[in-house]
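The data block below is protein.cif; it holds mmCIF, C-alpha atoms (C1' of nucleotides).
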data_start
loop_
_atom_site.label_atom_id
_atom_site.label_comp_id
_atom_site.auth_asym_id
_atom_site.auth_seq_id
_atom_site.Cartn_x
_atom_site.Cartn_y
_atom_site.Cartn_z
CA MET E 1 28.19 -3.45 -12.97
CA GLU E 2 26.06 -5.70 -15.12
CA ASP E 3 23.91 -7.42 -12.57
CA MET E 4 23.35 -4.52 -10.23
CA ILE E 5 20.02 -5.74 -8.90
CA LEU E 6 21.27 -9.11 -7.78
CA GLU E 7 24.37 -7.50 -6.30
CA ILE E 8 22.19 -5.10 -4.31
CA TYR E 9 20.29 -8.04 -2.89
CA ARG E 10 23.54 -9.79 -1.96
CA ARG E 11 24.73 -6.72 -0.09
CA LEU E 12 21.49 -6.37 1.82
CA LEU E 13 21.52 -10.04 2.71
CA PHE E 14 25.13 -9.84 3.88
CA GLU E 15 24.43 -6.74 5.96
CA TYR E 16 21.11 -7.64 7.57
CA GLY E 17 20.79 -11.41 7.22
CA HIS E 18 17.62 -13.21 6.16
CA ARG E 19 14.60 -11.23 7.29
CA ASN E 20 12.33 -14.28 7.69
CA TRP E 21 9.25 -12.68 6.27
CA TRP E 22 6.21 -12.12 6.37
CA PRO E 23 5.57 -10.97 9.98
CA ALA E 24 2.74 -13.42 10.63
CA LYS E 25 2.20 -16.89 12.03
CA THR E 26 -0.26 -18.38 9.56
CA PRO E 27 -1.11 -17.93 5.87
CA PHE E 28 -4.45 -16.51 6.90
CA GLU E 29 -2.73 -13.90 9.00
CA VAL E 30 -0.58 -13.00 5.99
CA ILE E 31 -3.66 -12.47 3.85
CA ILE E 32 -5.42 -10.28 6.41
CA GLY E 33 -2.20 -8.33 6.97
CA ALA E 34 -1.70 -7.83 3.23
CA ILE E 35 -5.11 -6.19 2.96
CA LEU E 36 -4.81 -4.19 6.16
CA THR E 37 -1.41 -2.76 5.31
CA GLN E 38 -2.64 -0.95 2.22
CA ASN E 39 -1.32 2.61 2.50
CA VAL E 40 -0.68 2.48 6.22
CA SER E 41 2.26 1.74 8.49
CA TRP E 42 2.68 -1.74 9.88
CA LYS E 43 2.32 -0.47 13.47
CA ASN E 44 -1.29 0.42 12.77
CA VAL E 45 -1.82 -3.00 11.22
CA ARG E 46 -0.36 -4.85 14.17
CA THR E 47 -2.85 -3.22 16.51
CA ALA E 48 -5.71 -4.27 14.24
CA ILE E 49 -4.43 -7.84 13.95
CA ASN E 50 -4.04 -8.10 17.71
CA ASN E 51 -7.62 -6.94 18.14
CA LEU E 52 -8.84 -9.61 15.73
CA LYS E 53 -6.72 -12.21 17.46
CA SER E 54 -8.00 -11.38 20.93
CA GLU E 55 -11.56 -11.78 19.66
CA GLY E 56 -10.64 -15.13 18.14
CA LEU E 57 -11.37 -13.85 14.65
CA LEU E 58 -8.00 -14.57 13.08
CA ASP E 59 -9.45 -17.69 11.55
CA PHE E 60 -11.08 -18.44 8.19
CA GLU E 61 -14.23 -20.03 9.58
CA ARG E 62 -14.82 -17.57 12.42
CA LEU E 63 -14.39 -14.60 10.14
CA HIS E 64 -16.59 -16.23 7.54
CA GLN E 65 -19.38 -16.37 10.12
CA SER E 66 -18.93 -12.75 11.20
CA GLU E 67 -20.72 -9.70 9.94
CA VAL E 68 -18.64 -6.93 8.42
CA ASP E 69 -19.83 -4.38 10.96
CA THR E 70 -18.69 -6.49 13.88
CA PHE E 71 -15.06 -6.70 12.85
CA ALA E 72 -14.77 -3.32 11.08
CA LEU E 73 -14.41 -1.60 14.45
CA LEU E 74 -11.71 -4.04 15.52
CA ILE E 75 -9.53 -2.97 12.60
CA ARG E 76 -10.10 0.75 13.08
CA SER E 77 -6.41 1.44 13.58
CA SER E 78 -5.63 0.26 10.06
CA ARG E 79 -7.22 3.37 8.45
CA TYR E 80 -10.03 3.15 5.84
CA TYR E 81 -11.34 0.44 8.11
CA ASN E 82 -14.85 0.26 6.67
CA GLN E 83 -13.49 -0.32 3.20
CA LYS E 84 -10.90 -2.77 4.43
CA ALA E 85 -13.50 -4.75 6.34
CA LYS E 86 -15.46 -5.13 3.11
CA LYS E 87 -12.34 -6.17 1.22
CA ILE E 88 -11.64 -8.87 3.79
CA LYS E 89 -15.24 -10.02 3.57
CA ARG E 90 -15.06 -10.21 -0.22
CA PHE E 91 -11.91 -12.29 -0.04
CA ILE E 92 -13.47 -14.69 2.48
CA ASP E 93 -16.61 -15.05 0.40
CA PHE E 94 -14.50 -15.81 -2.65
CA PHE E 95 -12.44 -18.29 -0.64
CA TYR E 96 -15.52 -20.23 0.42
CA ASP E 97 -17.34 -19.97 -2.91
CA GLU E 98 -14.33 -21.06 -4.93
CA TYR E 99 -12.49 -23.49 -2.62
CA GLU E 100 -15.02 -24.28 0.10
CA GLY E 101 -12.66 -22.80 2.64
CA ASN E 102 -9.86 -25.21 1.77
CA PHE E 103 -6.56 -23.37 1.68
CA GLN E 104 -4.63 -26.29 0.16
CA GLU E 105 -7.03 -26.29 -2.73
CA MET E 106 -6.41 -22.63 -3.33
CA ILE E 107 -2.63 -22.89 -3.41
CA GLN E 108 -2.76 -25.80 -5.83
CA GLU E 109 -3.95 -23.40 -8.50
CA GLU E 110 -1.50 -22.41 -11.18
CA THR E 111 0.10 -19.08 -10.25
CA LEU E 112 -1.20 -16.84 -13.02
CA ALA E 113 -4.69 -18.31 -12.87
CA LEU E 114 -4.86 -17.69 -9.14
CA ARG E 115 -3.40 -14.20 -9.56
CA SER E 116 -6.08 -13.33 -12.03
CA LYS E 117 -8.86 -14.66 -9.79
CA LEU E 118 -7.59 -12.73 -6.79
CA LEU E 119 -7.23 -9.53 -8.83
CA ASN E 120 -10.85 -9.93 -9.73
CA ILE E 121 -11.85 -9.38 -6.10
CA ASN E 122 -12.81 -5.76 -5.61
CA GLY E 123 -10.29 -4.10 -3.31
CA LEU E 124 -7.34 -6.37 -4.01
CA GLY E 125 -4.86 -4.77 -6.39
CA GLU E 126 -1.54 -6.02 -7.72
CA GLU E 127 0.60 -5.43 -4.66
CA THR E 128 -1.89 -7.00 -2.27
CA VAL E 129 -2.43 -10.00 -4.52
CA ASP E 130 1.26 -10.56 -5.12
CA SER E 131 1.95 -10.36 -1.39
CA ILE E 132 -0.68 -13.03 -0.83
CA LEU E 133 0.72 -15.18 -3.64
CA LEU E 134 4.30 -14.94 -2.41
CA TYR E 135 3.98 -14.91 1.36
CA ALA E 136 0.83 -16.94 1.93
CA CYS E 137 0.77 -19.27 -1.09
CA ASN E 138 4.50 -19.65 -1.67
CA LYS E 139 4.27 -18.70 -5.34
CA PRO E 140 7.25 -17.20 -7.22
CA VAL E 141 6.18 -13.59 -7.81
CA PHE E 142 8.13 -10.44 -6.99
CA VAL E 143 6.22 -7.90 -4.89
CA VAL E 144 6.50 -4.23 -5.83
CA ASP E 145 5.58 -1.62 -3.26
CA ALA E 146 6.14 2.04 -2.41
CA TYR E 147 9.61 1.30 -1.02
CA THR E 148 10.66 -0.57 -4.14
CA LYS E 149 9.59 2.33 -6.35
CA ARG E 150 11.10 5.01 -4.14
CA ILE E 151 14.41 3.32 -3.56
CA PHE E 152 15.10 2.21 -7.12
CA SER E 153 13.77 5.30 -8.86
CA ARG E 154 15.96 7.52 -6.71
CA TYR E 155 18.92 5.35 -7.56
CA GLY E 156 17.98 5.86 -11.20
CA LEU E 157 17.47 2.17 -11.91
CA ILE E 158 13.79 2.58 -12.79
CA THR E 159 11.80 5.66 -13.83
CA GLN E 160 9.48 7.42 -11.40
CA ASP E 161 6.38 6.84 -13.49
CA ALA E 162 7.09 3.14 -14.17
CA LYS E 163 4.02 0.94 -13.88
CA TYR E 164 3.69 -1.93 -11.45
CA LYS E 165 4.06 -4.61 -14.12
CA GLU E 166 7.10 -2.96 -15.71
CA ILE E 167 8.88 -2.85 -12.38
CA GLN E 168 7.92 -6.39 -11.53
CA ASN E 169 9.10 -7.68 -14.90
CA PHE E 170 12.34 -5.75 -14.52
CA PHE E 171 13.13 -7.43 -11.21
CA MET E 172 12.01 -10.86 -12.32
CA ARG E 173 14.25 -10.63 -15.40
CA LYS E 174 17.25 -9.61 -13.30
CA LEU E 175 16.83 -12.11 -10.49
CA PRO E 176 16.94 -15.92 -10.41
CA HIS E 177 13.41 -17.26 -10.34
CA GLU E 178 13.58 -18.33 -6.74
CA ILE E 179 10.87 -17.88 -4.17
CA GLY E 180 13.49 -17.44 -1.45
CA ILE E 181 15.04 -14.44 -3.17
CA TYR E 182 11.72 -12.78 -4.05
CA ASN E 183 10.63 -13.32 -0.47
CA ASP E 184 13.70 -11.95 1.23
CA PHE E 185 14.53 -9.14 -1.22
CA HIS E 186 11.18 -7.48 -0.69
CA ALA E 187 11.60 -7.91 3.05
CA GLN E 188 15.04 -6.30 2.88
CA LEU E 189 13.66 -3.30 1.02
CA VAL E 190 10.92 -2.75 3.58
CA HIS E 191 13.48 -3.06 6.35
CA LEU E 192 15.81 -0.60 4.65
CA GLY E 193 13.15 1.91 3.74
CA ASN E 194 11.16 1.71 6.92
CA GLU E 195 13.71 1.29 9.66
CA ILE E 196 17.35 1.56 8.74
CA CYS E 197 17.35 4.81 6.80
CA LYS E 198 15.22 6.71 9.27
CA THR E 199 17.47 5.90 12.19
CA HIS E 200 20.65 6.00 10.17
CA PRO E 201 21.65 9.52 9.13
CA ASN E 202 25.03 8.29 7.93
CA CYS E 203 24.35 7.23 4.37
CA ASN E 204 27.81 5.75 3.97
CA ALA E 205 26.58 2.78 5.94
CA CYS E 206 23.89 1.93 3.38
CA PRO E 207 24.86 -1.33 1.64
CA ILE E 208 23.35 -0.13 -1.63
CA LEU E 209 25.41 3.06 -1.70
CA GLN E 210 28.59 1.07 -1.37
CA ILE E 211 28.05 -0.43 -4.79
CA ASN E 212 28.24 2.64 -6.96
CA SER E 213 29.43 6.14 -6.05
CA LYS E 214 26.85 7.83 -8.28
CA PHE E 215 24.08 6.55 -6.02
CA TYR E 216 22.74 8.76 -3.30
CA CYS E 217 20.46 8.17 -0.37
CA HIS E 218 16.90 7.29 -1.31
CA TYR E 219 15.63 8.55 2.01
CA GLY E 220 15.01 12.18 1.24
CA ASN E 221 16.23 13.63 -2.02
CA LYS E 222 19.64 14.98 -1.15
CA LYS E 223 23.00 13.58 -2.00
CA PRO E 224 25.02 12.61 1.04
"C1'" DG P 1 -0.98 21.57 14.53
"C1'" DT P 2 1.09 19.18 10.26
"C1'" DC P 3 2.79 15.33 7.75
"C1'" DC P 4 2.58 10.85 6.01
"C1'" DA P 5 2.63 5.66 6.04
"C1'" DG P 6 4.23 -1.57 2.75
"C1'" DG P 7 -3.17 0.89 -2.05
"C1'" DG P 8 -7.01 0.63 -4.76
"C1'" DC P 9 -11.40 2.15 -6.71
"C1'" DC P 10 -14.33 5.40 -9.05
"C1'" DT P 11 -15.16 9.22 -11.91
"C1'" DA P 12 -14.26 12.66 -15.36
"C1'" DC P 13 -11.76 14.22 -19.12
"C1'" DG J 1 -5.27 5.61 -20.00
"C1'" DT J 2 -4.73 8.72 -16.46
"C1'" DA J 3 -4.97 12.64 -13.02
"C1'" DG J 4 -7.55 13.59 -8.98
"C1'" DG J 5 -10.73 12.64 -5.17
"C1'" DC J 6 -12.02 9.48 -1.68
"C1'" DC J 7 -11.38 6.34 2.20
"C1'" DA J 8 -10.40 8.43 7.38
"C1'" DT J 9 -5.96 6.19 12.11
"C1'" DG J 10 -2.00 7.04 14.81
"C1'" DG J 11 2.84 8.11 15.56
"C1'" DA J 12 6.61 11.40 14.78
#

Represent the structure from my file as structure tokens, please.
Amino acid sequence: MEDMILEIYRRLLFEYGHRNWWPAKTPFEVIIGAILTQNVSWKNVRTAINNLKSEGLLDFERLHQSEVDTFALLIRSSRYYNQKAKKIKRFIDFFYDEYEGNFQEMIQEETLALRSKLLNINGLGEETVDSILLYACNKPVFVVDAYTKRIFSRYGLITQDAKYKEIQNFFMRKLPHEIGIYNDFHAQLVHLGNEICKTHPNCNACPILQINSKFYCHYGNKKP
DNA sequence: GTCCAGGGCCTAC
DNA sequence: GTAGGCCATGGA
């Protein structure tokens, strides 16, 4: 099948419906979540976000006024919390230095220029920055994460040692350049990798496996 | 008790 | 340019 990638997305969409991502109420919450979720499960992140929320700190200005040490303990559940507190602080400082705390001003930047500025912040790598660009700033970039690599390398559609940029370019070449698809495809992959496959021992139900019989389940290494 | 989850940086070769 | 260590919680 020529356009396997797009077909895989269609199947996921048909099976699970639009995922309505990211799990957050405001762009600021997306940004904090994107940093907190580095190498940790979302359950741990949710606890940390709830702690920030109950202290009224899920807010640009309030967090800008806070000391790192005061909110580091609130995000303890997110693992590496001292480092993550500093990363959040660095982002906020950048946000106020560069845009005077005006979110609209930030998202008016051209995508690649903004991407490069965000990558320049110590502690924000490609996945975190692209998540912010796509889910907080509504920019057309495809987010690559551990699920994307695991799922598609096990299906043999990318190599295991492929770099972030290679994978991202691969998907962006194969897919229409639409924010809606980038947004929902990534959400579908997280849903599949994180929830469906763990509770779904019957691989025959996986929408991706229905496409090509040479595929096997990406959850674990064994063929069904 | 062990394993591992929606990374990224720093250092050493 | 890259392998390996470091960061350091909570649920299964």

Please report as a Markdown table every residue of chain E lying within 9 Å of chain J, along with the nearest atom pair and their distance in Å (one decimal), using all atoms listed in the file.
| residue | atom | partner | partner_atom | distance |
| --- | --- | --- | --- | --- |
| E:Val40 | CA | J:DT9 | C1' | 8.7 |
| E:Lys43 | CA | J:DG10 | C1' | 8.8 |
| E:Asn44 | CA | J:DG10 | C1' | 7.0 |
| E:Arg76 | CA | J:DT9 | C1' | 6.9 |
| E:Ser77 | CA | J:DT9 | C1' | 5.0 |
| E:Ser78 | CA | J:DT9 | C1' | 6.3 |
| E:Arg79 | CA | J:DT9 | C1' | 4.8 |
| E:Tyr80 | CA | J:DC7 | C1' | 5.0 |
| E:Tyr81 | CA | J:DA8 | C1' | 8.1 |
| E:Asn82 | CA | J:DC7 | C1' | 8.3 |
| E:Gln83 | CA | J:DC7 | C1' | 7.1 |

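CA of Tyr9 in chain E to CA of Lys174 in chain E spans 11.0 Å [interatomic distance, one decimal].
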
Distance in Å - CA of Thr26 in chain E versus CA of Phe71 in chain E: 19.1 Å

Distance-based interface of chain P with chain E, 12 Å, counting all atoms listed in the file, as a count of residues only: 7

Point-to-point distance in Å for CA of Ala24 in chain E and CA of Leu12 in chain E: 21.9 Å

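Across the chains present, the PyMOL selection byres ((chain E and resi 57) around 12) applied to this file returns Phe28, Glu29, Ile32, Ala48, Ile49, Asn50, Asn51, Leu52, Lys53, Ser54, Glu55, Gly56, Leu58, Asp59, Phe60, Glu61, Arg62, Leu63, His64, Gln65, Ser66, Glu67, Val68, Thr70, Phe71, Ala72, Leu74, Ile75 and Ile88 of chain E.
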
Atoms added to range 3-23 of chain E (N, CA and C atoms), reported as a tab-separated table (two decimals), in the frame of the given file:
chain	number	residue	atom	x	y	z
E	3	ASP	N	25.08	-6.96	-13.31
E	3	ASP	CA	23.91	-7.42	-12.57
E	3	ASP	C	23.75	-6.71	-11.24
E	4	MET	N	23.45	-5.41	-11.37
E	4	MET	CA	23.35	-4.52	-10.23
E	4	MET	C	22.28	-4.97	-9.24
E	5	ILE	N	21.15	-5.40	-9.77
E	5	ILE	CA	20.02	-5.74	-8.90
E	5	ILE	C	20.35	-6.92	-7.99
E	6	LEU	N	20.92	-7.95	-8.59
E	6	LEU	CA	21.27	-9.11	-7.78
E	6	LEU	C	22.37	-8.75	-6.77
E	7	GLU	N	23.30	-7.92	-7.20
E	7	GLU	CA	24.37	-7.50	-6.30
E	7	GLU	C	23.80	-6.70	-5.12
E	8	ILE	N	22.83	-5.86	-5.39
E	8	ILE	CA	22.19	-5.10	-4.31
E	8	ILE	C	21.56	-6.05	-3.31
E	9	TYR	N	20.88	-7.08	-3.82
E	9	TYR	CA	20.29	-8.04	-2.89
E	9	TYR	C	21.37	-8.73	-2.06
E	10	ARG	N	22.46	-9.11	-2.70
E	10	ARG	CA	23.54	-9.79	-1.96
E	10	ARG	C	24.07	-8.93	-0.83
E	11	ARG	N	24.21	-7.63	-1.13
E	11	ARG	CA	24.73	-6.72	-0.09
E	11	ARG	C	23.77	-6.60	1.08
E	12	LEU	N	22.50	-6.49	0.75
E	12	LEU	CA	21.49	-6.37	1.82
E	12	LEU	C	21.47	-7.63	2.67
E	13	LEU	N	21.54	-8.77	2.00
E	13	LEU	CA	21.52	-10.04	2.71
E	13	LEU	C	22.74	-10.16	3.62
E	14	PHE	N	23.90	-9.78	3.09
E	14	PHE	CA	25.13	-9.84	3.88
E	14	PHE	C	25.02	-8.94	5.11
E	15	GLU	N	24.48	-7.74	4.89
E	15	GLU	CA	24.43	-6.74	5.96
E	15	GLU	C	23.39	-7.07	7.03
E	16	TYR	N	22.22	-7.50	6.62
E	16	TYR	CA	21.11	-7.64	7.57
E	16	TYR	C	20.68	-9.09	7.82
E	17	GLY	N	21.20	-10.01	7.05
E	17	GLY	CA	20.79	-11.41	7.22
E	17	GLY	C	19.38	-11.65	6.69
E	18	HIS	N	18.97	-12.90	6.62
E	18	HIS	CA	17.62	-13.21	6.16
E	18	HIS	C	16.60	-12.55	7.07
E	19	ARG	N	15.58	-11.96	6.50
E	19	ARG	CA	14.60	-11.23	7.29
E	19	ARG	C	13.47	-12.14	7.79
E	20	ASN	N	13.38	-13.33	7.25
E	20	ASN	CA	12.33	-14.28	7.69
E	20	ASN	C	10.92	-13.71	7.61
E	21	TRP	N	10.58	-13.26	6.46
E	21	TRP	CA	9.25	-12.68	6.27
E	21	TRP	C	8.20	-13.70	5.90
E	22	TRP	N	6.96	-13.32	5.97
E	22	TRP	CA	6.21	-12.12	6.37
E	22	TRP	C	5.99	-12.13	7.88
E	23	PRO	N	5.82	-10.96	8.54
E	23	PRO	CA	5.57	-10.97	9.98
E	23	PRO	C	4.19	-11.48	10.34
